[in-house]
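Structure, as structure tokens:
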Amino acid sequence: MDNELKTQPHGIHDVEIQEWLESLDSVLESSGPEVAAEILERLRAHATVNGIDLPFSANTPYANTIPARLEPLFPGDQELERRIKSLIRWNALAMVVRANRVEHNIGGHISTYASAATLYEVGFNHFFRARSEEFEGDTVYFQGHASPGIYARAYLEGRISAQKLENFRRELKPGGGLSSYPHPWLMPDFWEFPTVSMGLSPLMAIYQARFNRYLEDRGMKPVTDAKVWAFLGDGETDEPESLGAITLASREKLDNLIFVVNCNLQRLDGPVRGNGQIIQELESAFRGAGWNVIKVLWGSEWDPILERDTEGLLVKRMGELVDGEYQKLVVSSGAYVREHFFGSDPRLLQLVEPMSDESLRRLRLGGHDPRKVYAAYKAAVEQKGKPTVILARTIKGYGLGEAGEGKNVTHQQKKLNEDELREFRSRFGIPLNDEDCIEVPFYRPAEDSVEIQYLRARREALGGYVPTRSIRSKPIVADHDELFKEFHEGSEGREVSTTMAFVQMLRKMLKDPEIGKLIVPIVPDEARTFGMESLFRTVGIYSSIGQKYEPVDVNTLLYYKEAKDGQILEEGITEAGSMASFIAAGTAYATHGIDTIPFFIYYSMFGFQRIGDFIWAAADMRTRGFMLGGTAGRTTLSGEGLQHQDGNSQVLALPVPNVKAYDPAFAFELAVIIQDGIRRMYKDGESIFYYLTVMNEPYAMPAMPGDVKEGILKGMYCFRRAANGKSKLRAQLFGSGAILNEALRAQEILETKYGVAADVWSVTSYKELYNDGNETERWNRLHPSEKPRVPYVSQCLADAPGALVAASDYLKTLPNMISKWMPRRLASLGTDGFGRSEGRTSLRDFFEVDARFITVATLHELFADGKLERSVLDKAIKELGINADKPNPVIS
Ligand SMILES: Cc1ncc(C[n+]2csc(CCOP(=O)(O)OP(=O)(O)O)c2C)c(N)n1
Ligand SMILES: [Mg+2]
């Protein structure tokens, strides 16, 4: 009776709503969910036609996506799995607490894994398949801060020793330790993917899943049902990279991709969305992007209450609270939950009347309930045609109780007092007495215990241990001399740019019987800029669905050809996405046992500067391949101005230890570097990758002047000696990239006008020279009683007379950093400062790196050494038309 009288807003009687709900229930029962969905869809269309303005919402109610009645049976031994998980929880906590007892503030995280333990354990026991000879295996990106839990599991699995665990975050201790986070560079047999710089792994996982499809569609690996799993934090989703590529995943129908977002509603400082609901926000973003979204919000204890709630009041109430309120409930008593959550409506209170306060406090969340998590994972791996995201609600610091559960400070909690340790021990049933427990020892049951036996059996059934990294590809064999020889000859006067020369090399490599198939050209919507459009037709642009349209330029020779077995990854305007493809292709030697050779060519300013952190991750991951910064050089790229003209990237490449950075001037230099790079990476298996700047300024490519290969690779060689080596006035000019031509012109001016005989050196890599110099110095310092070694730069210049002048299209710091190994003072010219929209000639005047400025710098050095009259210098400045009072390009 009561109900009938109640009204909702707008004067609707509850009974009216009840009738609609009941008729839907009966359709559901008699005809099933598909028919019910169809009716609702028709109803929605009918409403729209009749002018009803239905608010758009991509959200579903704040409830589990999979209702209890559709849950599959849990296939494992739940109690045993709980015990194993508890041991892992304990050891994960122990390694952080112990590490911080030994060394105050060494860091580590407890609460992230504490919240995610069930999400991982269900995966480890039932889903993550290992890589093997027969099966490529699943790919798992672990949340970086959850690493203690992953180590603790590997300890139980017998893969990591107690000593290593003891040395968590103390990698330099005898016997080694464990890196703070997943770093393949530091633990190359264990970790595969660096994930701790947040936002990188979701994007990398998407492109990894797409690259797996690319390999299948090109017939390079068998079609399998292997999955890519990415575990993320809910706070992490605020990084633009996290959601930045989710539409690619749905567009490409990547049903081999599963995101698991650990929604503990907290990040480092506090709630992710105190005043909102992060789960609903993510649901609408992912659903809007076409993903399958599975929410795992409530644990099994809620099911009977939900069942009693025939009016949908509880689900409605669940959707009313903001995250800040939910967080408060986590840290509150059962009585508080009753009053503040259920107390909003007497009918809700009635639903939980028979339950004690304690049982209200113990109502679990979905992400802590293995049955709910299993159901979600099973649905995710069975999903067809779409990627899946699982939004699992958890509690940050779960199980830490007073020590941090659900508290704002929990992210950084690293120490527990004695009571807190005992409490944690009791809660998870760790068999340690009160005394032992406060020492926080690692605990591993005997090898023949049921726990260890079960854990091993589960992993055996899933093919082995995860994570494991191993190199599975076979080295390539040929040396490809024939392929590259043509480029040693020069262009016979024809003017070409190094970019054009590169594209020619690429075309030849694509035809090579050994490496042709392995090449993966990657472009972020820039192929035409680099003159690569001819490749569209010859090798095709990869498209998982081929080409459903007739391209507008089909009648031309170089039409835009998309194909299912296309080789080019034309990524569109996303340097980050392209880099993620580069990483996937450049690590396929480990993930797939396939030696794909990526060539990623892009606008050089948008590489190291824009996506530096992805490049750092690529380095950590031991990625192999070639990055080509096209349209490079602050003065060589004319017209484009301040945001395009790159004088930075050769400097920004310095900190990445395993990047070989070269600024070649000529086609033969490029050929030598690429050929050697292929040998080092794909034959000798070195964990290096290359950064090559290529330019768009056309000039005649000379032939290789003798055998200078070694010099090219080491970083410098003498390209053209002075005609008159006996001259009194001598100089050494160092040029790189397109600026080498300015040095060559300066050589002529100096000789013809001022009687200075200059040798010209091509400096292909300041980075190589710098590393060599430092390494030599270091060796000498540590081996004082041995014959000192001589840096390569010093060797080259041992007998080189005269003034020293360097010019490059990058910052002056590049030449300056090797000057200390030169026999005398060095004058450096470079392009420090903001670019300008101008032509090359004006730009080189503006930045003072052209032949005239090189000439003046040389004359000035000779004057400073007392070898030249000041009047000659003064005259030269005038003669060469240099404005001595022009603004300083660095700050103008
Ligand atoms: C790019 C980046 N910025 C900042 C950090 C520092 N940081 C580490 S963990 C963390 C909070 C993580 O919150 P969330 O993603 O919700 O993960 P949770 O620990 O809650 O599971 C922050 C800010 C980082 N690791 N990476
Ligand atoms: Mg979080």
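Just remember, in the structure tokens the first chain shown is A, the second B, etc., residues are 1-based per chain, and ligands are 1-based in the order shown.
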Kindly assemble as a tab-separated table a list of the chain A residues that lie within 12 Å of ligand 2, each paired with its nearest atom pair and their distance in Å to one decimal, using only C-alpha atoms and all ligand atoms, sorted first by chain and then by ascending residue number.
```
residue	atom	partner	partner_atom_place_in_ligand_line	distance
A:Ser111	CA	ligand 2	1 (Mg)	9.6
A:Thr112	CA	ligand 2	1 (Mg)	7.4
A:Tyr113	CA	ligand 2	1 (Mg)	10.6
A:Ala114	CA	ligand 2	1 (Mg)	11.4
A:Ser115	CA	ligand 2	1 (Mg)	8.8
A:Ala116	CA	ligand 2	1 (Mg)	9.8
A:Gln143	CA	ligand 2	1 (Mg)	10.6
A:His145	CA	ligand 2	1 (Mg)	10.5
A:Ala146	CA	ligand 2	1 (Mg)	11.2
A:Met198	CA	ligand 2	1 (Mg)	11.6
A:Phe231	CA	ligand 2	1 (Mg)	11.4
A:Leu232	CA	ligand 2	1 (Mg)	8.5
A:Gly233	CA	ligand 2	1 (Mg)	4.8
A:Asp234	CA	ligand 2	1 (Mg)	4.6
A:Gly235	CA	ligand 2	1 (Mg)	4.9
A:Glu236	CA	ligand 2	1 (Mg)	7.3
A:Thr237	CA	ligand 2	1 (Mg)	9.3
A:Asp238	CA	ligand 2	1 (Mg)	10.7
A:Val261	CA	ligand 2	1 (Mg)	8.6
A:Asn262	CA	ligand 2	1 (Mg)	6.4
A:Cys263	CA	ligand 2	1 (Mg)	5.7
A:Asn264	CA	ligand 2	1 (Mg)	4.8
A:Leu265	CA	ligand 2	1 (Mg)	5.3
A:Gln266	CA	ligand 2	1 (Mg)	4.1
A:Arg267	CA	ligand 2	1 (Mg)	4.3
A:Leu268	CA	ligand 2	1 (Mg)	7.6
A:Asp269	CA	ligand 2	1 (Mg)	10.1
A:Gly270	CA	ligand 2	1 (Mg)	9.0
A:Pro271	CA	ligand 2	1 (Mg)	7.9
A:Val272	CA	ligand 2	1 (Mg)	6.9
A:Arg273	CA	ligand 2	1 (Mg)	10.2
A:Ile278	CA	ligand 2	1 (Mg)	9.9
A:Ile279	CA	ligand 2	1 (Mg)	11.1
A:Asp323	CA	ligand 2	1 (Mg)	11.7
A:Gln327	CA	ligand 2	1 (Mg)	11.7
A:Leu391	CA	ligand 2	1 (Mg)	11.5
A:Ala392	CA	ligand 2	1 (Mg)	10.8
A:Arg393	CA	ligand 2	1 (Mg)	9.7
A:Thr394	CA	ligand 2	1 (Mg)	8.8
A:Ile395	CA	ligand 2	1 (Mg)	8.8
A:Lys396	CA	ligand 2	1 (Mg)	6.9
A:Gly397	CA	ligand 2	1 (Mg)	10.2
A:Gly406	CA	ligand 2	1 (Mg)	10.4
A:Lys407	CA	ligand 2	1 (Mg)	11.8
A:Asn408	CA	ligand 2	1 (Mg)	10.8
A:Thr410	CA	ligand 2	1 (Mg)	10.7
A:His411	CA	ligand 2	1 (Mg)	8.9
```
Which of range 472-647 of chain A counts as strand (DSSP E or B) under DSSP, as a list in words please?
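Of range 472-647 of chain A, the ones in strand (DSSP E or B) are Glu495, Val496, Ile519, Val520, Pro521, Ile522, Val523, Ile541, Tyr542, Glu562, Ala563, Ile568, Leu569, Glu570, Ile597, Pro598, Phe599, Phe600, Ile601, Tyr602, Tyr603, Phe626, Met627, Leu628, Gly629 and Gly630 of chain A.
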Convert the current residue selection to file output with C-alpha atoms, as an mmCIF file, in the first residue's frame.
```cif
data_model
loop_
_atom_site.group_PDB
_atom_site.id
_atom_site.type_symbol
_atom_site.label_atom_id
_atom_site.label_comp_id
_atom_site.auth_asym_id
_atom_site.auth_seq_id
_atom_site.Cartn_x
_atom_site.Cartn_y
_atom_site.Cartn_z
ATOM 1 C CA GLU A 495 71.586 16.490 -56.251
ATOM 2 C CA VAL A 496 69.873 14.370 -53.658
ATOM 3 C CA ILE A 519 61.690 -4.411 -42.403
ATOM 4 C CA VAL A 520 58.863 -2.443 -40.766
ATOM 5 C CA PRO A 521 58.631 1.116 -42.115
ATOM 6 C CA ILE A 522 56.754 3.325 -39.665
ATOM 7 C CA VAL A 523 55.533 6.840 -40.460
ATOM 8 C CA ILE A 541 50.083 0.247 -46.178
ATOM 9 C CA TYR A 542 48.972 -2.201 -43.525
ATOM 10 C CA GLU A 562 46.043 -0.248 -48.230
ATOM 11 C CA ALA A 563 46.319 -3.994 -47.887
ATOM 12 C CA ILE A 568 54.129 0.053 -43.902
ATOM 13 C CA LEU A 569 52.689 1.121 -40.588
ATOM 14 C CA GLU A 570 51.137 4.453 -41.509
ATOM 15 C CA ILE A 597 63.737 -4.292 -38.158
ATOM 16 C CA PRO A 598 61.753 -1.102 -37.642
ATOM 17 C CA PHE A 599 62.619 2.117 -39.475
ATOM 18 C CA PHE A 600 60.609 4.891 -37.866
ATOM 19 C CA ILE A 601 60.942 8.139 -39.781
ATOM 20 C CA TYR A 602 59.408 11.331 -38.471
ATOM 21 C CA TYR A 603 59.823 15.081 -38.154
ATOM 22 C CA PHE A 626 66.426 2.734 -36.522
ATOM 23 C CA MET A 627 64.793 6.029 -35.675
ATOM 24 C CA LEU A 628 65.252 8.626 -38.370
ATOM 25 C CA GLY A 629 64.736 12.255 -37.522
ATOM 26 C CA GLY A 630 63.733 13.667 -40.893
#
```
Could you please write out, as a ChimeraX atom specification, every residue of range 334-567 of chain A that DSSP assigns to helix (DSSP H, G or I)?
/A:334-340,342-344,346-351,357-361,366-368,370-382,401-403,410-412,418-427,434-437,450-461,481-488,498-511,516-518,533-539
Near range 768-773 of chain A, counting only C-alpha atoms, which residues have an atom at most 6 Å away, once you skip same-chain residues fewer than 5 positions from it, shown as a list in words?
Gly715, Pro791 and Ile818 of chain A
All residues 10 Å or closer to Thr499 in chain A, only C-alpha atoms, same chain fewer than 6 positions away omitted, as a list in words
Met505, Thr529, Phe530, Gly531, Met532, Ile601, Leu628, Gly629, Gly630, Thr631, Ala632, Ala667, Leu670, Thr693, Val694, Met695, Asn696, Glu697 and Pro698 of chain A
Excluding range 199-204 of chain A and residues on its chain fewer than 3 positions from it, collect all residues at most 9 Å away from it, counting only C-alpha atoms, and give them as a ChimeraX atom specification.
/A:141-143,193-196,207-209,230-232,236-246,259,576-577,579-581,583-584,613-614,617
Given only C-alpha atoms as the counted atoms, nearest of A:Arg494, A:Lys561, A:His860, A:Lys820 to Tyr699 in chain A:
A:Arg494
In Å, with one decimal, what is the gap from CA of His183 in chain A to CA of Gln453 in chain A?
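CA of His183 in chain A sits 29.3 Å away from CA of Gln453 in chain A.
If you measure from each of A:Ile110, A:Met500, A:Leu557, A:Leu654 to ligand 1 using only C-alpha atoms and all ligand atoms, the closest one turns out to be A:Ile110.
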Polymer residues at most 8 Å from Gly366 in chain A, only C-alpha atoms, same-chain spacing of 3 or more positions, as a list of chain:residue names:
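Selected residues are A:Asn64, A:Val296, A:Leu297, A:Trp298, A:Gly299, A:Ser300, A:Asp369, A:Lys372, A:Val373, A:Ala392, A:Arg393, A:Thr394.
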Counting only C-alpha atoms, figure out which residue out of A:Ala758, A:Leu750, A:Leu282, A:Leu868 gets nearest to Phe853 in chain A.
A:Leu750
Have a look at A:Asp225, A:Glu486, A:Glu514, A:Glu405 and name the one nearest to ligand 1; count only C-alpha atoms and all ligand atoms.
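Using only C-alpha atoms and all ligand atoms, ligand 1 sits closest to A:Glu405.
With only C-alpha atoms and all ligand atoms as the basis for measurement, A:Leu119 is the residue among A:Ala731, A:Leu119, A:Val140, A:Ala36 that approaches ligand 1 most closely.
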May I have the residues within 12 Å of Gln350 in chain A as a list in words, using only C-alpha atoms and disregarding those fewer than 3 positions away in the same chain?
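After dropping sequence-adjacent residues, the list is Ile305, Arg308, Asp309, Leu313, Leu314, Arg338, Glu339, Phe342, Gly343, Ser344, Asp345, Pro346, Arg347, Glu353, Pro354 and Met355 of chain A.
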With N, CA and C atoms kept, could you save the residues just selected as a compact mmCIF listing (two decimals), in the first residue's frame?
```
# COMPACT_ATOMS: atom_id res chain seq x y z
N ILE A 305 21.85 -9.45 -0.84
CA ILE A 305 21.16 -8.18 -0.53
C ILE A 305 20.53 -7.63 -1.81
N ARG A 308 17.40 -9.38 -2.61
CA ARG A 308 16.24 -8.97 -1.80
C ARG A 308 15.67 -7.65 -2.28
N ASP A 309 16.49 -6.90 -2.98
CA ASP A 309 16.09 -5.55 -3.38
C ASP A 309 15.36 -5.58 -4.72
N LEU A 313 16.48 -0.27 -5.50
CA LEU A 313 16.88 0.89 -4.68
C LEU A 313 18.36 0.87 -4.33
N LEU A 314 18.84 -0.36 -4.12
CA LEU A 314 20.24 -0.46 -3.70
C LEU A 314 21.18 -0.01 -4.83
N ARG A 338 26.03 1.42 8.04
CA ARG A 338 24.57 1.25 8.15
C ARG A 338 23.89 2.62 8.13
N GLU A 339 24.42 3.50 8.95
CA GLU A 339 23.76 4.80 9.08
C GLU A 339 23.90 5.66 7.82
N PHE A 342 23.23 2.83 4.07
CA PHE A 342 21.87 2.25 3.98
C PHE A 342 20.82 3.17 4.60
N GLY A 343 21.28 4.07 5.49
CA GLY A 343 20.35 4.90 6.24
C GLY A 343 19.65 5.97 5.41
N SER A 344 19.97 6.06 4.12
CA SER A 344 19.34 7.11 3.32
C SER A 344 17.88 6.80 3.04
N ASP A 345 17.49 5.54 3.23
CA ASP A 345 16.10 5.15 2.93
C ASP A 345 15.73 3.99 3.87
N PRO A 346 14.61 4.09 4.53
CA PRO A 346 14.23 3.04 5.49
C PRO A 346 14.13 1.67 4.81
N ARG A 347 13.78 1.67 3.53
CA ARG A 347 13.66 0.38 2.84
C ARG A 347 15.03 -0.28 2.65
N GLU A 353 18.76 -5.30 7.70
CA GLU A 353 18.37 -5.42 9.11
C GLU A 353 18.97 -6.62 9.81
N PRO A 354 18.84 -7.80 9.16
CA PRO A 354 19.34 -8.98 9.88
C PRO A 354 20.87 -9.04 9.98
N MET A 355 21.57 -8.17 9.31
CA MET A 355 23.04 -8.29 9.28
C MET A 355 23.68 -7.50 10.42
```
What is the CA of Ala249 in chain A-CA of Ala289 in chain A distance in Å, reported with one decimal?
8.8 Å
